[in-house]
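Below is one structure, written out as structure tokens; the observations come after it.
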Amino acid sequence: MEHVKLHHPKTLLGSTDFEKIFWDAKRSEYFIDRHRGTFEIISSFLMRGGNLVRPDIIPIDIFLNELTFYRLSYSSIKDFLDIEGLLLEEAEEIRPIRTTRDLIWATFDRPETSIVARIFSAISISAIILSMVVFCIETFPDVDIEHRHLSGESNNRAGASMDSKLGNLFLVESICVGWFILEFIIRFASCPSRTKFMSQLMNIIDFVAIIPYFFITALGSHVGTWQPQMVTFIRSARILRAFRILKLSRYSRGLRILAMTVQKSARLLVLLVFFQMVLAVTFGSVVYIMEADGESNEISSIPEGIWFAIITMTTVGYGDVVPRTICGKLFGSACAMMGILCMAFPVPFFVSHFNHLYNLDRKDCKLRPEDFVYDPKRET
């Protein structure tokens, strides 16, 4: 307690009134009728330092009430609220709209600024969705130009120009890409800092998602002369169009929070994958050995056993490869149960990260540190 009195004299545990109020002379001990778990955390924080971390089993309102009771400092409460994602910070300074350039930037980058900005945002979202629909439709065999070339239909049906069905899809795609290009150019020309603009991930995705259109347009007129390697290249380039779906995160708070949750849980996800692979190799090898002497051996190699283990642990269960022997079924059942446990372990941490980031993004659940600083006037 001497350390607390020396370094934290304004707290309840470090004040001179602590012994007078809470010392029990009959039992020769301190007696505080408060929440025990919170006391252990606060006393450890005052004696050892570090950060205040609230366990999930302690409600936030009880923990904050105890911080006020033990008279923790403003900075300690502020740091705790910051860790919890509940700190009400000063409003972020928004670039004032003084010029036409500022107005254009706000219209295309901040949908909440005006009705016109919301309209442009709705157009962008519609273009993204429509472009992804076209991207999916183009993969149908009777529409896919690469499929036609490989099947020998390109010369007599598609030719140098696309037929009416493919031409309509190409027109819709061209309109969407035209909007993406226009939006990108306007945002680049009106942004406050072009260097910062080009270094942001979402802007890089916007640029990369536009490139495949020009490759396909330039090479589409020579479809009859395509080599198999060229078809593979075109298909690879078209995959980049799938990145356009990520553009929706600019307009969706939920998608942004989910992406940040995955990023923050990266170490946990890597550990999960590593643990899954260890279990897959172990159970895959054991099931292969158990099935080696079976009459109808479907697991003829360890890689097939690993495939069976992965599909079983993830509860997918395709059923293309299954054990037939009694021992193989027993280990298969153990594999399924271990897979469920393995997948369930990281879920609470993932949810905790999501809740933390969700609270960071919300304004209506923020708290001010000064509201929880001890004030003697409140007791009178």
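Residues are referred to by chain and number: the chain letter is A, B, ... according to the order shown in the structure tokens, the number counts from 1 in that chain, and ligands are numbered separately from 1 in the order shown.
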At a cut-off of 9 Å, using only C-alpha atoms, what residues contact Ser124 of chain A? Leave out same-chain residues fewer than 2 positions from it and give the result as a list in words.
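Residues meeting the cut-off are Ile119, Phe120, Ser121, Ala122, Ser126, Ala127, Ile128, Ile129, Cys176, Trp179, Phe180, Glu183 and Leu248 of chain A.
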Those residues with N, CA and C atoms, as a short mmCIF file (atom, residue, chain, number, x, y, z; two decimals), in the first residue's frame please?
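Listed below is the output, result_29.cif:
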```cif
data_model
loop_
_atom_site.label_atom_id
_atom_site.label_comp_id
_atom_site.auth_asym_id
_atom_site.auth_seq_id
_atom_site.Cartn_x
_atom_site.Cartn_y
_atom_site.Cartn_z
N ILE A 119 -27.10 11.20 -53.74
CA ILE A 119 -27.51 10.72 -55.06
C ILE A 119 -26.32 10.11 -55.79
N PHE A 120 -25.18 10.80 -55.77
CA PHE A 120 -23.98 10.26 -56.40
C PHE A 120 -23.53 8.96 -55.73
N SER A 121 -23.69 8.89 -54.42
CA SER A 121 -23.35 7.67 -53.71
C SER A 121 -24.25 6.52 -54.14
N ALA A 122 -25.55 6.79 -54.30
CA ALA A 122 -26.49 5.76 -54.75
C ALA A 122 -26.16 5.30 -56.17
N SER A 126 -25.14 1.50 -57.22
CA SER A 126 -25.88 0.81 -58.29
C SER A 126 -24.94 0.34 -59.39
N ALA A 127 -23.95 1.17 -59.74
CA ALA A 127 -22.99 0.78 -60.77
C ALA A 127 -22.15 -0.41 -60.33
N ILE A 128 -21.77 -0.44 -59.07
CA ILE A 128 -20.97 -1.57 -58.55
C ILE A 128 -21.78 -2.86 -58.62
N ILE A 129 -23.01 -2.80 -58.14
CA ILE A 129 -23.86 -4.01 -58.14
C ILE A 129 -24.15 -4.46 -59.56
N CYS A 176 -20.88 1.30 -66.80
CA CYS A 176 -20.42 1.22 -65.40
C CYS A 176 -18.96 1.64 -65.27
N TRP A 179 -18.53 5.31 -65.57
CA TRP A 179 -18.83 6.01 -64.32
C TRP A 179 -17.69 5.86 -63.32
N PHE A 180 -17.10 4.65 -63.24
CA PHE A 180 -15.98 4.45 -62.31
C PHE A 180 -14.80 5.34 -62.68
N GLU A 183 -15.68 8.98 -61.85
CA GLU A 183 -15.64 9.19 -60.40
C GLU A 183 -14.20 9.23 -59.90
N LEU A 248 -17.79 -1.40 -52.24
CA LEU A 248 -18.97 -1.17 -51.41
C LEU A 248 -18.61 -0.81 -49.97
#
```
Trp307 of chain A environment, 9 Å, only C-alpha atoms, sequence neighbours closer than 6 positions dropped, as a PyMOL selection string
chain A and resi 280+284+321
Counting only C-alpha atoms, what is within 12 Å of Gly305 of chain A, bar same-chain residues fewer than 5 positions away, as a ChimeraX atom specification?
/A:279-292,297-300,310-312,320-323,328,331-332,335
Find the spatial neighbours of segment 35-44 of chain A, counting only C-alpha atoms, within a cut-off of 10 Å - ignore same-chain residues fewer than 6 positions away - and output them as a list in words.
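Within the cut-off, the hits are Met1, Val4, Leu13, Gly50, Asn51, Leu52, Val53, Arg54, Pro55, Ile57, Ile58, Ile62, Phe63, Leu64, Asn65, Glu66, Leu67, Tyr70 and Leu72 of chain A.
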Any idea what's packed within 12 Å of Thr100 of chain A, counting only C-alpha atoms, ignoring anything in its chain fewer than 6 positions away? Could you give it as JSON, numbers by chain?
{"A": [106, 107, 189, 190, 191]}
Could you find all residues in segment 195-363 of chain A that DSSP calls alpha helix (DSSP H) from the backbone, and write them as number ranges by chain?
A: 195-199, 201-220, 228-239, 253-264, 266-291, 302-313, 326-344, 347-361
